[in-house]
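Okay, so here's the structure we're looking at.
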Amino acid sequence: MRKNHTASEDLLWQNLRGRKLGGHKFRRQHPVAGFIADFYCHEAKLVIELDGKIHDLKEQNEYDGGRTYELKEHDLRVIRFTNEEVESNILAVLAEIQAAIKT
């Protein structure tokens, strides 16, 4: 999966990797609680998911909700962004991630 990433995943990864965001370590395509998280910060217990158009489908949306519920049951926080949000306003996305880490 690491080789088949989207442009938005690549853009976000370039801004997270190497502790670029507040010194926090993020992992990409990391297994956590039986799922593969798009991005994961262990010290903040934060999962970041990027959603493309397929996530607009009812079935996928229901699956995402169940997945989020399961991750929260493991005391993890989940934030989601659309690919469009990342590509059109990466600074706002990074600010939201930084805010989530602080809470």
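Going through the structure tokens in order, the chains are called A, B, and so on, while each chain numbers its residues from 1 and the ligands are numbered from 1 in the order shown.
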Open item on the list: Using only C-alpha atoms, which protein or nucleic acid residues come within 7 Å of A:Arg27? Drop anything in the same chain fewer than 5 positions from it, and give the result as number ranges by chain.
Closed with: A: 39-41
TODO: Just the residues within 12 Å of A:Gln14, please, counting only C-alpha atoms, with nothing from its chain fewer than 2 positions along; format it as a PyMOL selection string.
DONE: chain A and resi 7-12+16-21+26-28+39+86+90+94
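Each of A:Leu76, A:Ala44, A:Ile97, A:Ala37 was checked against A:Lys25 using only C-alpha atoms; the smallest atom-to-atom distance is that of A:Ala44.
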- [ ] Would you list the contacts of A:Ile48 as a ChimeraX atom specification, taking every protein, DNA or RNA residue within 6 Å and counting only C-alpha atoms, but skipping same-chain residues closer than 3 positions in sequence?
- [x] /A:39,78-80
TODO: Please return as a VMD selection string: the residues of stretch 3-89 of chain A that backbone DSSP assigns to strand (DSSP E or B).
DONE: chain A and resid 27 to 32 35 to 41 46 to 51 77 to 82
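Among the candidates A:Glu85, A:Lys45, A:Gly65, A:Asn15, the one nearest to A:Thr103 when counting only C-alpha atoms is A:Lys45.
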TODO: Grab the atom CA of A:Ala100 to atom CA of A:Glu59 distance for me, in Å with one decimal place.
DONE: 27.4 Å
- [ ] Can you list, as a PyMOL selection string, all residues belonging to chain A that DSSP tags as alpha helix (DSSP H)?
- [x] chain A and resi 7-16+58-73+83-88+90-102
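Distances from A:Ser88, A:Val32, A:Thr6, A:Gly22 to A:His74 were compared using only C-alpha atoms, and the smallest one belongs to A:Val32.
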Open item on the list: Can you measure atom CA of A:Gln29 to atom CA of A:Arg67 for me? One decimal in Å is fine.
Closed with: 15.1 Å
Task: Residues within 7 Å of A:Thr82, only C-alpha atoms, excluding chain neighbours under 6 positions, as a ChimeraX atom specification - done: /A:50-52
